[in-house]
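File shown here: work22.pdb, holding PDB, C-alpha atoms, pLDDT in the B column.
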ATOM      1  CA  MET A 276      11.397 -66.950   5.226  1.00 47.00           C
ATOM      2  CA  ILE A 277       7.813 -66.954   6.515  1.00 48.00           C
ATOM      3  CA  VAL A 278       8.017 -63.192   7.057  1.00 44.00           C
ATOM      4  CA  LEU A 279       9.242 -62.704   3.452  1.00 41.00           C
ATOM      5  CA  VAL A 280       6.342 -64.763   2.066  1.00 42.00           C
ATOM      6  CA  ALA A 281       3.862 -62.807   4.202  1.00 42.00           C
ATOM      7  CA  VAL A 282       5.288 -59.462   3.020  1.00 41.00           C
ATOM      8  CA  CYS A 283       5.197 -60.574  -0.645  1.00 43.00           C
ATOM      9  CA  SER A 284       1.595 -61.763  -0.244  1.00 43.00           C
ATOM     10  CA  LEU A 285       0.622 -58.444   1.334  1.00 40.00           C
ATOM     11  CA  LEU A 286       2.313 -56.503  -1.471  1.00 42.00           C
ATOM     12  CA  LEU A 287       0.458 -58.545  -4.088  1.00 42.00           C
ATOM     13  CA  MET A 288      -2.855 -57.867  -2.354  1.00 44.00           C
ATOM     14  CA  VAL A 289      -2.187 -54.126  -2.131  1.00 43.00           C
ATOM     15  CA  THR A 290      -0.905 -53.916  -5.722  1.00 44.00           C
ATOM     16  CA  GLY A 291      -3.840 -55.915  -7.039  1.00 46.00           C
ATOM     17  CA  SER A 292      -6.376 -53.687  -5.312  1.00 49.00           C
ATOM     18  CA  ALA A 293      -4.639 -50.555  -6.590  1.00 60.00           C
ATOM     19  CA  GLN A 294      -5.122 -51.498 -10.253  1.00 73.00           C
ATOM     20  CA  ALA A 295      -7.529 -49.285 -12.117  1.00 77.00           C
ATOM     21  CA  LYS A 296     -10.904 -50.696 -13.065  1.00 94.00           C
ATOM     22  CA  GLU A 297     -11.424 -50.335 -16.826  1.00 97.00           C
ATOM     23  CA  ALA A 298     -14.219 -51.129 -19.278  1.00 98.00           C
ATOM     24  CA  TYR A 299     -13.169 -50.883 -22.918  1.00 97.00           C
ATOM     25  CA  VAL A 300     -15.448 -49.267 -25.469  1.00 98.00           C
ATOM     26  CA  ASP A 301     -12.977 -50.176 -28.226  1.00 98.00           C
ATOM     27  CA  ASP A 302      -9.270 -50.615 -28.896  1.00 97.00           C
ATOM     28  CA  TYR A 303      -9.902 -51.036 -32.669  1.00 97.00           C
ATOM     29  CA  ASN A 304      -7.405 -53.917 -32.785  1.00 96.00           C
ATOM     30  CA  THR A 305      -9.745 -56.211 -34.722  1.00 95.00           C
ATOM     31  CA  GLY A 306     -10.114 -53.677 -37.522  1.00 96.00           C
ATOM     32  CA  ALA A 307     -13.830 -54.444 -37.747  1.00 96.00           C
ATOM     33  CA  LYS A 308     -17.206 -53.838 -36.152  1.00 97.00           C
ATOM     34  CA  PRO A 309     -18.686 -54.212 -33.566  1.00 98.00           C
ATOM     35  CA  ASN A 310     -16.891 -52.317 -30.791  1.00 97.00           C
ATOM     36  CA  SER A 311     -15.681 -54.074 -27.626  1.00 97.00           C
ATOM     37  CA  MET A 312     -19.117 -53.555 -26.030  1.00 98.00           C
ATOM     38  CA  GLY A 313     -20.860 -55.257 -28.959  1.00 97.00           C
ATOM     39  CA  GLY A 314     -22.153 -51.942 -30.327  1.00 98.00           C
ATOM     40  CA  ASP A 315     -22.233 -50.518 -33.804  1.00 98.00           C
ATOM     41  CA  LEU A 316     -20.173 -47.461 -34.781  1.00 98.00           C
ATOM     42  CA  GLY A 317     -19.707 -45.078 -37.658  1.00 98.00           C
ATOM     43  CA  ALA A 318     -19.243 -41.585 -39.008  1.00 98.00           C
ATOM     44  CA  PHE A 319     -22.127 -39.131 -39.471  1.00 97.00           C
ATOM     45  CA  ASP A 320     -22.812 -35.922 -41.374  1.00 95.00           C
ATOM     46  CA  PHE A 321     -25.261 -33.210 -40.270  1.00 93.00           C
ATOM     47  CA  GLN A 322     -26.195 -32.457 -43.892  1.00 90.00           C
ATOM     48  CA  PRO A 323     -25.490 -35.572 -46.017  1.00 88.00           C
ATOM     49  CA  THR A 324     -26.716 -33.755 -49.156  1.00 92.00           C
ATOM     50  CA  ASP A 325     -24.152 -30.942 -48.668  1.00 92.00           C
ATOM     51  CA  PHE A 326     -21.075 -32.445 -50.294  1.00 92.00           C
ATOM     52  CA  THR A 327     -18.836 -29.624 -49.026  1.00 92.00           C
ATOM     53  CA  GLN A 328     -18.893 -31.222 -45.566  1.00 95.00           C
ATOM     54  CA  SER A 329     -18.206 -34.812 -44.560  1.00 96.00           C
ATOM     55  CA  CYS A 330     -16.693 -37.248 -42.099  1.00 97.00           C
ATOM     56  CA  THR A 331     -15.427 -40.736 -42.868  1.00 97.00           C
ATOM     57  CA  GLU A 332     -13.961 -43.402 -40.620  1.00 98.00           C
ATOM     58  CA  ALA A 333     -11.417 -46.100 -41.429  1.00 98.00           C
ATOM     59  CA  TYR A 334      -9.343 -48.616 -39.511  1.00 98.00           C
ATOM     60  CA  ASP A 335      -5.663 -47.688 -39.872  1.00 97.00           C
ATOM     61  CA  PRO A 336      -2.967 -50.366 -39.363  1.00 97.00           C
ATOM     62  CA  ASP A 337      -0.100 -47.900 -39.896  1.00 97.00           C
ATOM     63  CA  VAL A 338      -0.871 -45.262 -37.252  1.00 96.00           C
ATOM     64  CA  LYS A 339      -1.879 -46.706 -33.900  1.00 95.00           C
ATOM     65  CA  HIS A 340      -1.340 -46.346 -30.176  1.00 96.00           C
ATOM     66  CA  GLY A 341       0.602 -49.435 -29.185  1.00 91.00           C
ATOM     67  CA  ASP A 342       2.462 -52.091 -31.121  1.00 92.00           C
ATOM     68  CA  SER A 343      -0.346 -54.039 -32.786  1.00 92.00           C
ATOM     69  CA  GLY A 344      -3.785 -53.781 -34.271  1.00 95.00           C
ATOM     70  CA  PHE A 345      -5.411 -50.675 -35.681  1.00 98.00           C
ATOM     71  CA  SER A 346      -6.558 -47.208 -34.735  1.00 98.00           C
ATOM     72  CA  LEU A 347      -9.619 -45.382 -35.978  1.00 98.00           C
ATOM     73  CA  ARG A 348      -8.844 -42.634 -38.510  1.00 98.00           C
ATOM     74  CA  LEU A 349     -11.403 -39.848 -38.850  1.00 98.00           C
ATOM     75  CA  ASP A 350     -11.158 -37.615 -41.923  1.00 98.00           C
ATOM     76  CA  TYR A 351     -13.461 -34.630 -41.423  1.00 98.00           C
ATOM     77  CA  ASP A 352     -14.423 -31.492 -43.348  1.00 97.00           C
ATOM     78  CA  VAL A 353     -16.638 -28.743 -41.894  1.00 97.00           C
ATOM     79  CA  ASP A 354     -15.525 -26.076 -44.369  1.00 96.00           C
ATOM     80  CA  SER A 355     -18.892 -25.170 -45.869  1.00 94.00           C
ATOM     81  CA  THR A 356     -20.934 -22.038 -46.550  1.00 93.00           C
ATOM     82  CA  ASN A 357     -23.763 -23.824 -44.696  1.00 93.00           C
ATOM     83  CA  PRO A 358     -23.815 -24.620 -40.982  1.00 93.00           C
ATOM     84  CA  ALA A 359     -21.621 -27.707 -40.646  1.00 96.00           C
ATOM     85  CA  TYR A 360     -20.899 -30.386 -38.095  1.00 97.00           C
ATOM     86  CA  ASN A 361     -20.129 -34.072 -38.313  1.00 98.00           C
ATOM     87  CA  GLY A 362     -18.201 -36.735 -36.476  1.00 98.00           C
ATOM     88  CA  PHE A 363     -18.194 -40.236 -35.103  1.00 98.00           C
ATOM     89  CA  TRP A 364     -20.540 -42.268 -32.868  1.00 98.00           C
ATOM     90  CA  THR A 365     -20.187 -45.586 -31.084  1.00 98.00           C
ATOM     91  CA  LYS A 366     -22.986 -47.435 -29.275  1.00 98.00           C
ATOM     92  CA  LEU A 367     -22.519 -48.294 -25.586  1.00 98.00           C
ATOM     93  CA  ASN A 368     -25.468 -50.717 -25.313  1.00 98.00           C
ATOM     94  CA  SER A 369     -26.943 -49.417 -22.025  1.00 98.00           C
ATOM     95  CA  PHE A 370     -23.554 -49.522 -20.274  1.00 98.00           C
ATOM     96  CA  ASN A 371     -23.707 -48.870 -16.517  1.00 98.00           C
ATOM     97  CA  ALA A 372     -20.908 -46.373 -15.786  1.00 98.00           C
ATOM     98  CA  THR A 373     -21.853 -45.599 -12.168  1.00 97.00           C
ATOM     99  CA  ASP A 374     -18.707 -47.371 -10.891  1.00 97.00           C
ATOM    100  CA  TYR A 375     -16.420 -45.289 -13.146  1.00 98.00           C
ATOM    101  CA  ASN A 376     -15.110 -41.740 -12.843  1.00 98.00           C
ATOM    102  CA  LYS A 377     -13.901 -40.905 -16.344  1.00 98.00           C
ATOM    103  CA  ILE A 378     -13.776 -41.856 -19.988  1.00 98.00           C
ATOM    104  CA  VAL A 379     -10.305 -42.102 -21.504  1.00 98.00           C
ATOM    105  CA  LEU A 380      -9.180 -41.993 -25.121  1.00 98.00           C
ATOM    106  CA  TRP A 381      -5.904 -41.694 -26.957  1.00 98.00           C
ATOM    107  CA  ILE A 382      -5.862 -39.174 -29.802  1.00 98.00           C
ATOM    108  CA  LYS A 383      -3.415 -37.824 -32.367  1.00 98.00           C
ATOM    109  CA  GLY A 384      -3.766 -35.146 -35.056  1.00 98.00           C
ATOM    110  CA  ASP A 385      -2.295 -35.445 -38.554  1.00 98.00           C
ATOM    111  CA  ALA A 386       0.485 -32.860 -38.780  1.00 96.00           C
ATOM    112  CA  ASP A 387       0.625 -33.170 -42.604  1.00 96.00           C
ATOM    113  CA  LYS A 388      -3.098 -32.867 -43.419  1.00 96.00           C
ATOM    114  CA  GLY A 389      -3.965 -30.638 -40.475  1.00 98.00           C
ATOM    115  CA  TYR A 390      -6.386 -31.205 -37.598  1.00 98.00           C
ATOM    116  CA  THR A 391      -8.530 -29.363 -35.138  1.00 98.00           C
ATOM    117  CA  THR A 392      -7.156 -28.917 -31.645  1.00 98.00           C
ATOM    118  CA  THR A 393     -10.716 -28.665 -30.290  1.00 98.00           C
ATOM    119  CA  PHE A 394     -13.764 -30.914 -30.621  1.00 98.00           C
ATOM    120  CA  LYS A 395     -16.887 -31.797 -28.674  1.00 98.00           C
ATOM    121  CA  ALA A 396     -17.359 -35.129 -26.881  1.00 98.00           C
ATOM    122  CA  GLU A 397     -20.880 -36.267 -26.021  1.00 98.00           C
ATOM    123  CA  LEU A 398     -22.334 -38.983 -23.817  1.00 98.00           C
ATOM    124  CA  LYS A 399     -25.949 -40.039 -24.261  1.00 98.00           C
ATOM    125  CA  ASN A 400     -28.124 -42.284 -22.131  1.00 98.00           C
ATOM    126  CA  ASP A 401     -31.230 -44.407 -22.660  1.00 98.00           C
ATOM    127  CA  GLN A 402     -33.377 -41.735 -20.966  1.00 97.00           C
ATOM    128  CA  GLY A 403     -32.646 -39.200 -23.734  1.00 98.00           C
ATOM    129  CA  GLU A 404     -30.113 -37.095 -21.817  1.00 98.00           C
ATOM    130  CA  LYS A 405     -27.043 -35.774 -23.624  1.00 98.00           C
ATOM    131  CA  GLY A 406     -23.914 -34.535 -21.875  1.00 98.00           C
ATOM    132  CA  GLU A 407     -21.336 -32.381 -23.641  1.00 98.00           C
ATOM    133  CA  TYR A 408     -17.679 -31.634 -22.990  1.00 98.00           C
ATOM    134  CA  TYR A 409     -15.243 -29.660 -25.159  1.00 98.00           C
ATOM    135  CA  VAL A 410     -11.806 -31.241 -25.546  1.00 97.00           C
ATOM    136  CA  THR A 411      -8.968 -28.803 -26.250  1.00 97.00           C
ATOM    137  CA  GLY A 412      -5.232 -29.050 -26.779  1.00 97.00           C
ATOM    138  CA  VAL A 413      -5.070 -31.927 -29.288  1.00 98.00           C
ATOM    139  CA  ILE A 414      -1.537 -32.260 -30.692  1.00 98.00           C
ATOM    140  CA  GLY A 415       0.240 -34.108 -33.512  1.00 97.00           C
ATOM    141  CA  ASP A 416       1.511 -36.902 -31.229  1.00 97.00           C
ATOM    142  CA  TRP A 417      -0.419 -39.521 -29.288  1.00 98.00           C
ATOM    143  CA  MET A 418      -1.877 -38.017 -26.144  1.00 98.00           C
ATOM    144  CA  LYS A 419      -4.135 -39.383 -23.444  1.00 98.00           C
ATOM    145  CA  ILE A 420      -7.393 -37.496 -22.878  1.00 98.00           C
ATOM    146  CA  GLU A 421      -9.207 -38.157 -19.588  1.00 98.00           C
ATOM    147  CA  ILE A 422     -12.676 -36.659 -19.245  1.00 98.00           C
ATOM    148  CA  PRO A 423     -14.302 -36.879 -15.806  1.00 98.00           C
ATOM    149  CA  LEU A 424     -17.848 -38.155 -16.257  1.00 98.00           C
ATOM    150  CA  ASP A 425     -19.205 -35.411 -14.017  1.00 97.00           C
ATOM    151  CA  ARG A 426     -17.891 -32.817 -16.530  1.00 97.00           C
ATOM    152  CA  PHE A 427     -20.385 -33.891 -19.214  1.00 97.00           C
ATOM    153  CA  ALA A 428     -22.851 -31.046 -18.734  1.00 93.00           C
ATOM    154  CA  GLY A 429     -26.431 -32.180 -19.328  1.00 95.00           C
ATOM    155  CA  ILE A 430     -26.327 -35.829 -18.298  1.00 97.00           C
ATOM    156  CA  THR A 431     -27.285 -36.943 -14.798  1.00 95.00           C
ATOM    157  CA  ASN A 432     -27.952 -40.682 -15.142  1.00 97.00           C
ATOM    158  CA  LEU A 433     -24.880 -42.819 -15.895  1.00 98.00           C
ATOM    159  CA  SER A 434     -26.584 -46.177 -15.256  1.00 98.00           C
ATOM    160  CA  SER A 435     -27.551 -46.826 -18.888  1.00 98.00           C
ATOM    161  CA  LEU A 436     -25.289 -45.050 -21.370  1.00 98.00           C
ATOM    162  CA  SER A 437     -26.306 -45.485 -24.986  1.00 98.00           C
ATOM    163  CA  GLU A 438     -23.686 -43.666 -27.057  1.00 98.00           C
ATOM    164  CA  PHE A 439     -20.332 -41.847 -27.096  1.00 98.00           C
ATOM    165  CA  VAL A 440     -19.936 -39.231 -29.844  1.00 98.00           C
ATOM    166  CA  ILE A 441     -17.113 -37.066 -31.182  1.00 98.00           C
ATOM    167  CA  VAL A 442     -18.317 -33.920 -32.968  1.00 98.00           C
ATOM    168  CA  PHE A 443     -16.394 -31.582 -35.280  1.00 98.00           C
ATOM    169  CA  GLU A 444     -18.164 -28.209 -35.431  1.00 97.00           C
ATOM    170  CA  ASP A 445     -17.491 -25.461 -37.952  1.00 97.00           C
ATOM    171  CA  LEU A 446     -17.756 -22.774 -35.263  1.00 96.00           C
ATOM    172  CA  ILE A 447     -15.091 -24.246 -32.951  1.00 96.00           C
ATOM    173  CA  ALA A 448     -12.796 -26.282 -35.226  1.00 97.00           C
ATOM    174  CA  THR A 449      -9.341 -24.716 -35.300  1.00 98.00           C
ATOM    175  CA  SER A 450      -8.826 -26.384 -38.691  1.00 98.00           C
ATOM    176  CA  LYS A 451     -11.964 -26.853 -40.815  1.00 97.00           C
ATOM    177  CA  GLU A 452     -10.498 -29.924 -42.564  1.00 97.00           C
ATOM    178  CA  GLY A 453      -8.201 -32.601 -41.267  1.00 98.00           C
ATOM    179  CA  THR A 454      -7.541 -36.010 -39.847  1.00 98.00           C
ATOM    180  CA  ILE A 455      -7.356 -37.329 -36.313  1.00 98.00           C
ATOM    181  CA  TRP A 456      -6.713 -40.825 -35.055  1.00 98.00           C
ATOM    182  CA  ILE A 457      -8.431 -42.300 -32.010  1.00 98.00           C
ATOM    183  CA  ASP A 458      -7.450 -45.413 -30.111  1.00 97.00           C
ATOM    184  CA  ASP A 459      -8.165 -47.185 -26.826  1.00 97.00           C
ATOM    185  CA  ILE A 460     -11.437 -45.649 -25.610  1.00 98.00           C
ATOM    186  CA  TYR A 461     -12.391 -46.938 -22.165  1.00 98.00           C
ATOM    187  CA  PHE A 462     -14.129 -46.079 -18.908  1.00 98.00           C
ATOM    188  CA  SER A 463     -11.881 -45.972 -15.850  1.00 98.00           C
ATOM    189  CA  ASP A 464     -12.290 -45.408 -12.103  1.00 95.00           C
TER     190      ASP A 464
END
What is this structure when it is put down as structure tokens?
Amino acid sequence: MIVLVAVCSLLLMVTGSAQAKEAYVDDYNTGAKPNSMGGDLGAFDFQPTDFTQSCTEAYDPDVKHGDSGFSLRLDYDVDSTNPAYNGFWTKLNSFNATDYNKIVLWIKGDADKGYTTTFKAELKNDQGEKGEYYVTGVIGDWMKIEIPLDRFAGITNLSSLSEFVIVFEDLIATSKEGTIWIDDIYFSD
């Protein structure tokens, strides 16, 4: 009996130490601002006066990753005769990501309205650096995207991250108009 208790205790210690370390940016389950890090968030347009391009965000209770809460729906349009890009930003409030290896997000394209299979992800820090990474292979079902932090070309200091951004660009979008849903953005080791 003592041996069984010792083995169970050892298994609990090993299992507990094997759990991934995570820091949530947002799971959107509240359906309201701010994000889980206390930061603001929103959609942006490169040319707000060009009404042929736009991006809007909304909390969606009907399409979500998981059984409860909301996801973030992004409706974008970069189909313009002018240079066009837009997207979504969320503040990270000087988050120290040095103990993490990747940023994770769940994403799904809208098979009915269309969606781009490619977009740019950006990380920015308080020192003015901006790292970029192109995500490819988005599909019409929920999929987990894991981006190693060292793949964000252009950013070297992860000790005070200020913002995470998703960018739809007219030159790389595989569909110039569409909808994607995002859920459960977090840093992980």
Taking all atoms listed in the file into account, which of A:Gly453, A:Pro309, A:Gly412, A:Pro323 comes nearest Asp385 in chain A?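 So, comparing all the options, the nearest one is A:Gly453.
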If you apply the PyMOL selection byres ((chain A and resi 438) around 10) to this file, what residues do you get, as a ChimeraX atom specification?
-> /A:314-316,364-370,397-401,405,435-437,439-440
With all atoms listed in the file as the counted atoms, please give the residues lying no more than 10 Å from Ala359 in chain A, apart from itself and same-chain residues fewer than 2 positions off, as a ChimeraX atom specification.
/A:320-322,325,327-329,352-357,361,443-446,451
- [ ] Could you tell me how far CA of Gly317 in chain A lies from CA of Arg348 in chain A, in Å and to one decimal?
- [x]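 Those two atoms sit 11.2 Å apart.
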9 Å contact set for Trp381 in chain A, all atoms listed in the file, chain neighbours under 6 positions out, as number ranges by chain: A: 340, 417-421, 456-460
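If you look at CA of Tyr409 in chain A and CA of Thr373 in chain A, they are 21.6 Å away from each other.
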So how far away is CA of Asn371 in chain A from CA of Ser463 in chain A, in Å?
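Interatomic distance here is 12.2 Å.
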